[in-house]
>>> print(open('start-v9.csv').read())   # CSV, C-alpha atoms
chain,number,residue,atom,x,y,z
A,206,MET,CA,0.0,0.0,0.0
A,207,ILE,CA,1.3,3.4,-1.0
A,208,TYR,CA,0.7,6.0,1.7
A,209,GLU,CA,1.3,9.7,1.9
A,210,LEU,CA,3.5,11.2,4.7
A,211,SER,CA,0.6,13.5,5.5
A,212,ASP,CA,-1.5,10.4,6.5
A,213,ILE,CA,1.0,9.4,9.1
A,214,GLU,CA,1.8,10.8,12.5
A,215,ILE,CA,5.3,12.0,12.3
A,216,ALA,CA,7.5,12.6,15.3
A,217,SER,CA,8.8,16.2,14.9
A,218,PRO,CA,12.6,16.9,15.0
A,219,SER,CA,12.2,18.5,18.4
A,220,VAL,CA,10.4,15.5,19.8
A,221,VAL,CA,13.1,13.2,18.6
A,222,ARG,CA,15.8,15.5,19.9
A,223,GLN,CA,14.1,15.6,23.3
A,224,SER,CA,14.0,11.8,23.4
A,225,ALA,CA,17.7,11.7,22.6
A,226,GLN,CA,18.4,14.1,25.5
A,227,ASP,CA,16.2,11.9,27.8
A,228,PHE,CA,18.2,8.9,26.7
A,229,ALA,CA,21.5,10.6,27.4
A,230,ARG,CA,20.2,11.7,30.8
A,231,ALA,CA,19.1,8.2,31.7
A,232,LEU,CA,22.5,6.9,30.7
A,233,ALA,CA,24.2,9.6,32.8
A,234,GLU,CA,22.2,8.4,35.8
A,235,THR,CA,23.5,4.9,35.6
A,236,GLN,CA,26.0,3.5,38.1
A,237,GLN,CA,28.3,2.7,35.2
A,238,TYR,CA,28.5,6.3,34.0
A,239,THR,CA,29.0,7.9,37.4
A,240,ALA,CA,31.7,5.2,38.3
A,241,PHE,CA,33.5,6.1,35.1
A,242,LEU,CA,33.4,9.8,35.8
A,243,THR,CA,34.7,9.2,39.3
A,244,ALA,CA,37.5,7.0,37.9
A,245,VAL,CA,38.5,9.7,35.3
A,246,GLU,CA,38.7,12.3,38.1
A,247,GLN,CA,40.7,10.0,40.4
A,248,LEU,CA,43.1,9.2,37.5
A,249,ARG,CA,43.5,12.9,36.7
A,250,ASN,CA,44.4,13.6,40.4
A,251,ASP,CA,46.7,10.6,40.8
A,252,LYS,CA,50.2,12.2,40.3
A,253,GLU,CA,52.0,8.9,40.5
A,254,ALA,CA,49.9,7.4,37.7
A,255,GLN,CA,50.2,10.5,35.6
A,256,GLN,CA,54.0,10.4,36.0
A,257,ALA,CA,54.0,6.6,35.1
A,258,ILE,CA,51.9,7.3,32.0
A,259,ALA,CA,54.2,10.2,30.9
A,260,VAL,CA,57.4,8.2,31.4
A,261,PHE,CA,55.9,5.3,29.3
A,262,GLN,CA,54.7,7.7,26.5
A,263,GLU,CA,58.0,9.5,26.5
A,264,LYS,CA,59.9,6.2,26.1
A,265,GLN,CA,57.5,5.0,23.4
A,266,LYS,CA,58.0,8.3,21.5
A,267,SER,CA,61.7,8.3,21.7
A,268,LEU,CA,61.9,4.7,20.5
A,269,GLN,CA,59.6,5.4,17.6
A,270,MET,CA,61.8,8.4,16.6
A,271,SER,CA,65.1,6.5,16.9
A,272,ASN,CA,63.8,3.3,15.3
A,273,MET,CA,61.5,4.3,12.5
A,274,SER,CA,61.9,1.0,10.7
A,275,GLY,CA,62.7,-2.5,12.0
A,276,GLU,CA,62.1,-4.2,15.2
A,277,LEU,CA,63.1,-3.0,18.7
A,278,PRO,CA,66.1,-4.6,20.3
A,279,PRO,CA,64.9,-7.1,23.0
A,280,GLU,CA,66.2,-5.0,25.9
A,281,GLU,CA,64.3,-1.9,24.6
A,282,GLN,CA,61.1,-4.0,24.2
A,283,ALA,CA,61.5,-5.3,27.8
A,284,GLU,CA,62.0,-1.8,29.1
A,285,LEU,CA,58.9,-0.6,27.3
A,286,GLU,CA,56.9,-3.5,28.6
A,287,ARG,CA,58.1,-2.8,32.2
A,288,LEU,CA,57.1,0.9,31.9
A,289,HIS,CA,53.7,-0.2,30.4
A,290,GLN,CA,53.1,-2.6,33.3
A,291,ALA,CA,54.2,0.1,35.8
A,292,PHE,CA,51.3,2.4,34.7
A,293,ILE,CA,48.6,-0.2,33.9
A,294,ASN,CA,49.0,-1.8,37.3
A,295,LYS,CA,48.3,1.5,39.1
A,296,PRO,CA,45.0,1.1,40.9
A,297,SER,CA,43.6,4.4,39.4
A,298,VAL,CA,44.5,3.2,35.9
A,299,GLU,CA,43.0,-0.2,36.5
A,300,ALA,CA,39.8,1.4,37.8
A,301,TYR,CA,39.7,3.7,34.8
A,302,PHE,CA,39.9,0.8,32.3
A,303,GLN,CA,37.4,-1.3,34.3
A,304,THR,CA,34.8,1.4,34.6
A,305,GLN,CA,35.3,2.3,30.9
A,306,ASP,CA,34.6,-1.4,29.9
A,307,ASP,CA,31.5,-1.4,32.1
A,308,LEU,CA,30.2,1.8,30.6
A,309,MET,CA,30.9,0.5,27.1
A,310,GLU,CA,29.0,-2.7,27.8
A,311,ILE,CA,25.7,-0.9,28.6
A,312,CYS,CA,26.2,1.6,25.8
A,313,GLN,CA,26.7,-1.3,23.4
A,314,GLU,CA,23.6,-3.1,24.7
A,315,ALA,CA,21.6,0.1,24.3
A,316,ALA,CA,22.9,0.6,20.7
A,317,GLN,CA,22.1,-3.0,19.8
A,318,HIS,CA,18.6,-2.6,21.1
A,319,LEU,CA,18.2,0.6,19.1
A,320,SER,CA,19.7,-1.0,15.9
A,321,ARG,CA,17.3,-4.0,16.2
A,322,THR,CA,14.3,-1.7,16.6
A,323,ILE,CA,15.1,0.9,13.9
A,324,GLY,CA,16.5,-1.5,11.4
A,325,VAL,CA,19.8,0.4,11.0
A,326,ASN,CA,23.1,-0.6,12.5
A,327,TYR,CA,23.9,2.2,15.0
A,328,PRO,CA,27.7,1.7,15.2
A,329,SER,CA,28.0,1.4,11.4
A,330,ALA,CA,25.9,4.5,10.8
A,331,CYS,CA,27.6,6.7,13.4
A,332,ASN,CA,31.2,5.6,13.3
A,333,ALA,CA,33.0,6.7,10.1
A,334,GLY,CA,35.6,4.1,9.1
A,335,CYS,CA,35.9,0.6,10.4
A,336,CYS,CA,38.6,-1.3,12.3
A,337,GLY,CA,41.1,1.4,12.9
B,302,MET,CA,18.4,-7.1,27.2
B,303,SER,CA,20.5,-8.3,30.1
B,304,THR,CA,19.0,-8.5,33.6
B,305,THR,CA,21.5,-5.8,34.8
B,306,PHE,CA,20.3,-3.3,32.1
B,307,PRO,CA,18.8,-0.4,34.1
B,308,LYS,CA,15.0,-0.1,33.7
B,309,PRO,CA,15.0,3.7,33.2
B,310,LEU,CA,17.6,3.4,30.5
B,311,LEU,CA,15.6,0.7,28.8
B,312,GLU,CA,12.5,2.9,28.8
B,313,ALA,CA,14.5,5.8,27.4
B,314,THR,CA,16.0,3.5,24.7
B,315,ASN,CA,12.5,2.3,23.7
B,316,ALA,CA,11.2,5.8,23.6
B,317,LEU,CA,14.1,7.0,21.4
B,318,ALA,CA,13.7,4.0,19.1
B,319,GLU,CA,10.0,4.6,18.7
B,320,ASN,CA,10.5,8.4,18.0
B,321,LEU,CA,13.2,7.6,15.5
B,322,LEU,CA,11.0,5.2,13.7
B,323,ALA,CA,8.2,7.9,13.6
B,324,SER,CA,10.6,10.6,12.3
B,325,GLU,CA,10.3,11.7,8.6
B,326,PRO,CA,13.7,10.3,7.4
B,327,PHE,CA,13.0,6.9,8.9
B,328,ILE,CA,9.4,6.8,7.6
B,329,LYS,CA,10.7,7.6,4.1
B,330,PHE,CA,13.5,5.0,4.5
B,331,ASP,CA,10.9,2.4,5.5
B,332,ARG,CA,8.7,3.3,2.6
B,333,ALA,CA,11.6,3.1,0.1
B,334,ARG,CA,12.7,-0.3,1.5
B,335,THR,CA,9.1,-1.6,1.1
B,336,GLU,CA,8.8,-0.3,-2.4
B,337,LEU,CA,12.2,-1.7,-3.4
B,338,ASN,CA,11.3,-5.1,-2.0
B,339,SER,CA,7.9,-5.1,-3.8
B,340,ASP,CA,9.3,-4.0,-7.2
B,341,SER,CA,9.9,-7.2,-9.2
B,342,GLU,CA,12.3,-5.6,-11.7
B,343,ALA,CA,14.5,-4.2,-8.9
B,344,LYS,CA,14.3,-7.4,-6.9
B,345,THR,CA,15.4,-9.5,-9.9
B,346,LEU,CA,18.3,-7.2,-10.6
B,347,LEU,CA,19.4,-7.3,-6.9
B,348,ASP,CA,19.2,-11.1,-6.8
B,349,GLN,CA,21.2,-11.3,-10.0
B,350,LEU,CA,23.9,-8.9,-8.6
B,351,SER,CA,24.1,-10.9,-5.4
B,352,ALA,CA,24.5,-14.2,-7.4
B,353,ALA,CA,27.2,-12.6,-9.6
B,354,GLN,CA,29.0,-11.3,-6.5
B,355,SER,CA,29.1,-14.8,-5.0
B,356,ARG,CA,30.2,-16.3,-8.3
B,357,LEU,CA,33.0,-13.7,-8.6
B,358,SER,CA,34.3,-14.3,-5.1
B,359,GLN,CA,34.2,-18.1,-5.7
B,360,LEU,CA,36.2,-17.6,-8.9
B,361,GLN,CA,38.6,-15.2,-7.2
B,362,THR,CA,39.6,-17.9,-4.7
B,363,GLN,CA,40.0,-20.3,-7.6
B,364,GLY,CA,42.0,-17.7,-9.5
B,365,GLY,CA,39.9,-18.0,-12.7
B,366,ILE,CA,38.1,-14.8,-13.3
B,367,THR,CA,37.9,-13.8,-17.0
B,368,GLN,CA,37.7,-10.2,-18.2
B,369,GLU,CA,34.3,-11.0,-19.7
B,370,GLU,CA,32.9,-12.0,-16.3
B,371,ILE,CA,34.1,-8.8,-14.8
B,372,GLU,CA,32.5,-6.8,-17.6
B,373,GLN,CA,29.2,-8.6,-17.1
B,374,TYR,CA,29.3,-7.9,-13.4
B,375,ARG,CA,30.0,-4.2,-13.9
B,376,GLU,CA,27.2,-3.9,-16.4
B,377,LEU,CA,24.8,-5.5,-13.9
B,378,GLN,CA,26.1,-3.2,-11.2
B,379,ALA,CA,25.5,-0.2,-13.4
B,380,GLU,CA,22.0,-1.4,-14.1
B,381,VAL,CA,21.2,-1.8,-10.4
B,382,GLN,CA,22.7,1.7,-9.7
B,383,SER,CA,20.5,3.3,-12.4
B,384,ASN,CA,17.3,1.6,-11.2
B,385,ALA,CA,14.9,4.3,-10.0
B,386,LYS,CA,13.7,2.3,-6.9
B,387,PHE,CA,17.2,1.4,-5.9
B,388,ILE,CA,18.3,5.1,-6.2
B,389,GLU,CA,15.3,6.1,-4.1
B,390,TYR,CA,16.2,3.5,-1.5
B,391,GLN,CA,19.8,4.5,-1.3
B,392,ASN,CA,18.9,8.2,-1.0
B,393,ALA,CA,16.4,7.4,1.8
B,394,GLN,CA,19.0,5.2,3.5
B,395,GLN,CA,21.6,8.0,3.4
B,396,SER,CA,19.1,10.5,4.8
B,397,ALA,CA,18.2,8.2,7.7
B,398,THR,CA,21.9,7.6,8.4
B,399,ASN,CA,22.6,11.3,8.4
B,400,TYR,CA,19.7,11.9,10.7
B,401,LEU,CA,20.9,9.2,13.1
B,402,ARG,CA,24.3,10.9,13.2
B,403,GLU,CA,22.6,14.2,14.2
B,404,ILE,CA,20.8,12.3,17.0
B,405,ASN,CA,24.1,10.7,18.0
B,406,GLN,CA,25.6,14.2,18.3
B,407,GLU,CA,22.7,15.3,20.5
B,408,ILE,CA,23.3,12.4,22.8
B,409,SER,CA,27.0,12.9,22.9
B,410,GLN,CA,26.6,16.6,23.7
B,411,GLN,CA,24.2,15.9,26.5
B,412,LEU,CA,26.4,13.1,27.9
B,413,GLY,CA,29.7,15.0,27.5
B,414,LEU,CA,31.2,11.9,25.9
B,415,ASN,CA,31.2,10.6,22.3
B,416,PHE,CA,28.4,8.0,22.5
B,417,SER,CA,29.3,6.3,19.2
B,418,ALA,CA,32.8,5.8,20.4
B,419,LEU,CA,31.4,4.0,23.4
B,420,VAL,CA,29.3,1.6,21.3
B,421,GLY,CA,32.4,0.4,19.6
B,422,LYS,CA,33.5,-0.4,16.1
B,423,SER,CA,31.0,-1.3,13.4
B,424,CYS,CA,32.8,-4.2,12.0
B,425,GLY,CA,33.4,-7.8,13.0
>>> encode(input="start-v9.csv", output="structure tokens")
Amino acid sequence: MIYELSDIEIASPSVVRQSAQDFARALAETQQYTAFLTAVEQLRNDKEAQQAIAVFQEKQKSLQMSNMSGELPPEEQAELERLHQAFINKPSVEAYFQTQDDLMEICQEAAQHLSRTIGVNYPSACNAGCCG
Amino acid sequence: MSTTFPKPLLEATNALAENLLASEPFIKFDRARTELNSDSEAKTLLDQLSAAQSRLSQLQTQGGITQEEIEQYRELQAEVQSNAKFIEYQNAQQSATNYLREINQEISQQLGLNFSALVGKSCG
């Protein structure tokens, strides 16, 4: 059956925008969102963790500059790995990644639900590019 | 939905999905999809293109694609792309996608985080 748009009740752009804002508010009220924000704040204020991240990034950068091609010597690889472990094992860094994973899990679940209902894949539609 | 999915978020997700479906770009997209699926000429062309794609990938793995087969495939592809119902469908799909991106921006702005980055990559 061919129908005209005038025969159908259309949700106005302002109504859809409002429901998008309501959705964002509901997401912001979840335990996962508040835990993530807390973890971000704690990481930001953790001077030791910030220092460990900076040292790792500095080392990574200097190795990239001095070794543009070819593999890293084993001792440099081991040092980089040690510095990486030194920052990812900080409690505030662990909490940051854990709460980020938890938040992503409910966001993905919500996006899957949206995709199923509207018949359009939300991640595909809203993320330019794919796999890096 | 998982048992841990918060009820207020589920209700807000449902409301957003319902309003998106009732928005003009999505209504037009739905109509274009229905019309494409009920158009026998367009449907035949799409089925032929899909069969040709499968055949080409099969031949590619066997290493035996001829120039003639590639030409035939390209002709079929051009025929599909010039089909009025298919063009209408593609345009409607693009409009719905653009609209969804606007809505994603609205969510991200309100949230203070890029929502689409939190839902992960689209592939895989």
>>> closest_atom_pairs(input="start-v9.csv", of="chain A", to="chain B", cutoff="6 Å", atoms="all atoms listed in the file", output="Markdown table")
| residue | atom | partner | partner_atom | distance |
| --- | --- | --- | --- | --- |
| A:Ile215 | CA | B:Ala323 | CA | 5.2 |
| A:Ala216 | CA | B:Ser324 | CA | 4.8 |
| A:Val221 | CA | B:Asn320 | CA | 5.5 |
| A:Ser224 | CA | B:Leu317 | CA | 5.2 |
| A:Ala225 | CA | B:Ile408 | CA | 5.6 |
| A:Gln226 | CA | B:Ile408 | CA | 5.8 |
| A:Phe228 | CA | B:Ala313 | CA | 4.9 |
| A:Ala229 | CA | B:Ile408 | CA | 5.3 |
| A:Ala231 | CA | B:Leu310 | CA | 5.2 |
| A:Met309 | CA | B:Leu419 | CA | 5.1 |
| A:Cys312 | CA | B:Val420 | CA | 5.5 |
| A:Gln313 | CA | B:Val420 | CA | 4.4 |
| A:Leu319 | CA | B:Ala318 | CA | 5.6 |
| A:Ile323 | CA | B:Leu322 | CA | 5.9 |
| A:Pro328 | CA | B:Ser423 | CA | 4.8 |
| A:Ser329 | CA | B:Ser423 | CA | 4.5 |
| A:Ala330 | CA | B:Thr398 | CA | 5.6 |
| A:Cys331 | CA | B:Arg402 | CA | 5.3 |
| A:Cys335 | CA | B:Cys424 | CA | 5.9 |
>>> closest_residue(input="start-v9.csv", among="A:Thr235, A:Thr322, A:Ser267, A:Thr243", to="Gln303 in chain A", atoms="only C-alpha atoms")
A:Thr243
>>> atom_distance(input="start-v9.csv", atom1="CA of Gln256 in chain A", atom2="CA of Gln236 in chain A")
28.9 Å
>>> atom_distance(input="start-v9.csv", atom1="CA of Tyr301 in chain A", atom2="CA of Ala254 in chain A")
11.2 Å
>>> atom_distance(input="start-v9.csv", atom1="CA of Glu234 in chain A", atom2="CA of Gly324 in chain A")
26.9 Å
>>> residues_near_point(input="start-v9.csv", point="(20.0, -6.9, -8.6)", cutoff="12 Å", atoms="all atoms listed in the file", output="VMD selection string")
chain B and resid 337 to 338 340 to 354 374 to 384 386 to 387
>>> closest_residue(input="start-v9.csv", among="A:Ile293, A:Val260, A:Leu308, A:Ala316", to="Ala233 in chain A", atoms="only C-alpha atoms")
A:Leu308
